[in-house]
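my_file.cif, holding mmCIF, C-alpha atoms and all ligand atoms:
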data_structure
loop_
_atom_site.group_PDB
_atom_site.id
_atom_site.type_symbol
_atom_site.label_atom_id
_atom_site.label_comp_id
_atom_site.auth_asym_id
_atom_site.auth_seq_id
_atom_site.Cartn_x
_atom_site.Cartn_y
_atom_site.Cartn_z
ATOM 1 C CA MET T 1 151.736 -123.595 181.885
ATOM 2 C CA LYS T 2 152.309 -119.848 182.297
ATOM 3 C CA ARG T 3 154.473 -119.760 179.222
ATOM 4 C CA ALA T 4 151.873 -121.645 177.196
ATOM 5 C CA ALA T 5 149.189 -119.144 178.233
ATOM 6 C CA LEU T 6 151.429 -116.240 177.203
ATOM 7 C CA LEU T 7 152.109 -117.912 173.869
ATOM 8 C CA ALA T 8 148.384 -118.447 173.295
ATOM 9 C CA LEU T 9 147.734 -114.774 174.046
ATOM 10 C CA LEU T 10 150.472 -113.750 171.617
ATOM 11 C CA VAL T 11 149.041 -115.971 168.889
ATOM 12 C CA ALA T 12 145.562 -114.552 169.513
ATOM 13 C CA ALA T 13 146.919 -110.988 169.247
ATOM 14 C CA ILE T 14 148.651 -111.795 165.948
ATOM 15 C CA VAL T 15 145.480 -113.376 164.552
ATOM 16 C CA VAL T 16 143.404 -110.327 165.555
ATOM 17 C CA ALA T 17 145.946 -107.946 163.992
ATOM 18 C CA PHE T 18 145.997 -110.033 160.817
ATOM 19 C CA VAL T 19 142.203 -110.143 160.554
ATOM 20 C CA LEU T 20 141.923 -106.385 161.124
ATOM 21 C CA ALA T 21 144.592 -105.612 158.533
ATOM 22 C CA LYS T 22 143.051 -107.986 156.019
ATOM 23 C CA GLY T 23 139.549 -106.665 156.683
ATOM 24 C CA SER T 24 140.400 -103.025 156.043
ATOM 25 C CA GLY T 25 142.482 -103.970 153.023
ATOM 26 C CA SER T 26 139.711 -105.892 151.316
ATOM 27 C CA ASN T 27 137.206 -103.132 152.083
ATOM 28 C CA ASN T 28 139.448 -100.661 150.293
ATOM 29 C CA ASN T 29 139.715 -102.983 147.327
ATOM 30 C CA THR T 30 135.959 -103.363 147.142
ATOM 31 C CA SER T 31 135.238 -99.649 147.153
ATOM 32 C CA THR T 32 137.876 -98.820 144.539
ATOM 33 C CA SER T 33 136.924 -101.625 142.144
ATOM 34 C CA ALA T 34 133.223 -100.855 142.557
ATOM 35 C CA SER T 35 133.392 -97.106 142.009
ATOM 36 C CA GLY T 36 132.612 -96.210 138.474
ATOM 37 C CA ALA T 37 134.329 -98.949 136.488
ATOM 38 C CA PRO T 38 132.366 -99.108 133.234
ATOM 39 C CA VAL T 39 130.383 -102.295 132.750
ATOM 40 C CA THR T 40 129.281 -103.838 129.475
ATOM 41 C CA ILE T 41 126.149 -105.948 129.448
ATOM 42 C CA HIS T 42 125.828 -108.280 126.489
ATOM 43 C CA VAL T 43 122.292 -109.205 125.543
ATOM 44 C CA VAL T 44 122.186 -112.458 123.594
ATOM 45 C CA ASN T 45 118.851 -113.852 122.381
ATOM 46 C CA GLY T 46 117.139 -111.189 124.468
ATOM 47 C CA LYS T 47 118.825 -112.293 127.703
ATOM 48 C CA PRO T 48 121.817 -111.011 129.663
ATOM 49 C CA GLN T 49 124.893 -113.121 128.913
ATOM 50 C CA GLY T 50 126.093 -114.743 132.141
ATOM 51 C CA GLY T 51 122.882 -113.859 133.954
ATOM 52 C CA ILE T 52 121.737 -110.648 135.592
ATOM 53 C CA GLN T 53 124.773 -108.363 135.892
ATOM 54 C CA LYS T 54 125.488 -106.595 139.171
ATOM 55 C CA ILE T 55 126.621 -102.995 139.199
ATOM 56 C CA THR T 56 127.647 -101.936 142.699
ATOM 57 C CA LEU T 57 128.897 -98.503 143.621
ATOM 58 C CA ASN T 58 128.580 -95.730 146.154
ATOM 59 C CA LYS T 59 126.320 -92.720 146.160
ATOM 60 C CA GLY T 60 128.150 -89.867 144.457
ATOM 61 C CA ASP T 61 129.932 -92.175 141.977
ATOM 62 C CA ARG T 62 128.994 -92.207 138.333
ATOM 63 C CA VAL T 63 126.939 -95.045 136.944
ATOM 64 C CA ARG T 64 128.520 -96.039 133.654
ATOM 65 C CA PHE T 65 127.438 -98.992 131.609
ATOM 66 C CA THR T 66 126.907 -100.038 128.026
ATOM 67 C CA VAL T 67 124.357 -102.487 126.728
ATOM 68 C CA ASP T 68 125.018 -104.231 123.457
ATOM 69 C CA SER T 69 122.033 -106.128 122.302
ATOM 70 C CA ASP T 70 121.033 -108.560 119.587
ATOM 71 C CA VAL T 71 117.408 -107.519 119.958
ATOM 72 C CA SER T 72 115.804 -104.125 119.626
ATOM 73 C CA ASP T 73 114.193 -102.895 122.824
ATOM 74 C CA GLU T 74 114.203 -100.075 125.303
ATOM 75 C CA ILE T 75 116.580 -100.078 128.275
ATOM 76 C CA HIS T 76 114.874 -98.854 131.429
ATOM 77 C CA VAL T 77 116.788 -97.948 134.581
ATOM 78 C CA HIS T 78 114.263 -98.121 137.386
ATOM 79 C CA GLY T 79 114.484 -95.662 140.278
ATOM 80 C CA TYR T 80 116.328 -93.152 138.112
ATOM 81 C CA ASN T 81 113.744 -93.718 135.398
ATOM 82 C CA PHE T 82 116.051 -93.379 132.409
ATOM 83 C CA HIS T 83 114.919 -94.846 129.105
ATOM 84 C CA LYS T 84 117.022 -95.362 125.990
ATOM 85 C CA ASP T 85 116.277 -97.314 122.845
ATOM 86 C CA VAL T 86 118.688 -99.885 121.546
ATOM 87 C CA LYS T 87 118.570 -101.262 118.013
ATOM 88 C CA LYS T 88 119.035 -104.882 117.103
ATOM 89 C CA GLY T 89 122.801 -105.396 116.945
ATOM 90 C CA GLY T 90 123.390 -101.944 118.386
ATOM 91 C CA SER T 91 124.611 -100.600 121.676
ATOM 92 C CA VAL T 92 123.675 -97.802 124.007
ATOM 93 C CA SER T 93 125.618 -96.232 126.863
ATOM 94 C CA PHE T 94 124.512 -94.676 130.130
ATOM 95 C CA ASN T 95 126.549 -92.282 132.243
ATOM 96 C CA PHE T 96 124.842 -90.536 135.140
ATOM 97 C CA PRO T 97 125.580 -89.644 138.760
ATOM 98 C CA ALA T 98 124.421 -92.087 141.455
ATOM 99 C CA THR T 99 122.273 -89.677 143.424
ATOM 100 C CA ILE T 100 119.715 -92.168 144.801
ATOM 101 C CA ASP T 101 120.736 -95.074 147.016
ATOM 102 C CA GLY T 102 119.019 -98.441 146.815
ATOM 103 C CA ILE T 103 118.803 -101.454 144.534
ATOM 104 C CA PHE T 104 117.264 -100.887 141.114
ATOM 105 C CA VAL T 105 116.249 -103.081 138.213
ATOM 106 C CA ILE T 106 117.675 -102.426 134.761
ATOM 107 C CA GLU T 107 115.590 -104.179 132.148
ATOM 108 C CA LEU T 108 114.606 -104.637 128.558
ATOM 109 C CA GLU T 109 111.387 -102.746 128.958
ATOM 110 C CA SER T 110 109.163 -104.293 126.290
ATOM 111 C CA ARG T 111 110.232 -107.825 127.215
ATOM 112 C CA GLY T 112 110.188 -107.230 130.966
ATOM 113 C CA GLU T 113 113.580 -108.973 131.044
ATOM 114 C CA GLN T 114 115.916 -107.872 133.825
ATOM 115 C CA ILE T 115 119.478 -107.575 132.564
ATOM 116 C CA ALA T 116 121.206 -105.913 135.501
ATOM 117 C CA SER T 117 120.837 -104.937 139.119
ATOM 118 C CA LEU T 118 122.123 -101.512 140.116
ATOM 119 C CA GLN T 119 123.105 -101.269 143.768
ATOM 120 C CA VAL T 120 123.975 -97.798 145.056
ATOM 121 C CA ASN T 121 125.321 -97.856 148.603
ATOM 122 C CA GLN T 122 124.753 -94.871 150.827
HETATM 123 CU CU CU T 201 111.063 -100.946 133.400
#

Any chance you could put this one into structure tokens?
Amino acid sequence: MKRAALLALLVAAIVVAFVLAKGSGSNNNTSTSASGAPVTIHVVNGKPQGGIQKITLNKGDRVRFTVDSDVSDEIHVHGYNFHKDVKKGGSVSFNFPATIDGIFVIELESRGEQIASLQVNQ
């Protein structure tokens, strides 16, 4: 009985240690993979291929993404209020510092079609 209780305690301690180690490890992975890796958004028939793309990074990182589009439109980054034209079959790149935290819509302005969601964590 006593020995079983000790064993249970030991198992619990190992599980806690494992969860803590795993938790911090995956957090590190998330922040490194999210910070500043350039993203390409493909617009096909005026819509984002694979659905609305998520760009997640931390304040202070650089926001870097490219839109290649089969329609001509204007790319609008809400919150930061950047506008750039893209030609049919062309591409346009953005590269700016993430100075404002929050979740912002990136869209094809004239169509009102959201192509990406920019999430800047504080
Ligand atoms: Cu807009």

*Select, from T:Thr56, T:Thr40, T:Asn81, T:Asn121, the residue with the minimum atom-to-atom distance to Glu109 in chain T, counting only C-alpha atoms.*
T:Asn81

*Could you tell me which residues the PyMOL selection byres (((not hetatm)) within 8 of (chain T and resi 201)) grabs in this file, written as a PyMOL selection string?*
chain T and resi 75-78+81+105-109+112

Write the residues of the selection above to a file with C-alpha atoms, as a short mmCIF file (atom, residue, chain, number, x, y, z; two decimals), in the coordinates of the input.
data_model
loop_
_atom_site.label_atom_id
_atom_site.label_comp_id
_atom_site.auth_asym_id
_atom_site.auth_seq_id
_atom_site.Cartn_x
_atom_site.Cartn_y
_atom_site.Cartn_z
CA ILE T 75 116.58 -100.08 128.28
CA HIS T 76 114.87 -98.85 131.43
CA VAL T 77 116.79 -97.95 134.58
CA HIS T 78 114.26 -98.12 137.39
CA ASN T 81 113.74 -93.72 135.40
CA VAL T 105 116.25 -103.08 138.21
CA ILE T 106 117.68 -102.43 134.76
CA GLU T 107 115.59 -104.18 132.15
CA LEU T 108 114.61 -104.64 128.56
CA GLU T 109 111.39 -102.75 128.96
CA GLY T 112 110.19 -107.23 130.97
#

*Between T:Gln119, T:Gly89, T:Val63, T:Gln114, single out the one closest to Pro48 in chain T, counting only C-alpha atoms.*
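Among T:Gln119, T:Gly89, T:Val63, T:Gln114, it is T:Gln114 that comes nearest to Pro48 in chain T.
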
*Report the distance between CA of Lys47 in chain T and CA of Tyr80 in chain T in Å, rounded to one decimal place.*
21.9 Å

*Between T:Ile115, T:Asp101, T:Ala37, T:Ser110, which is the closest to Val67 in chain T once you count only C-alpha atoms?*
T:Ile115

*Find the residues around Asn95 in chain T up to 9 Å (all atoms listed in the file counted), leave out those fewer than 3 positions away in its own chain, and share them as a list in words.*
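Near Asn95 in chain T, the qualifying residues are Arg62, Val63, Arg64, Phe65 and Thr66 of chain T.
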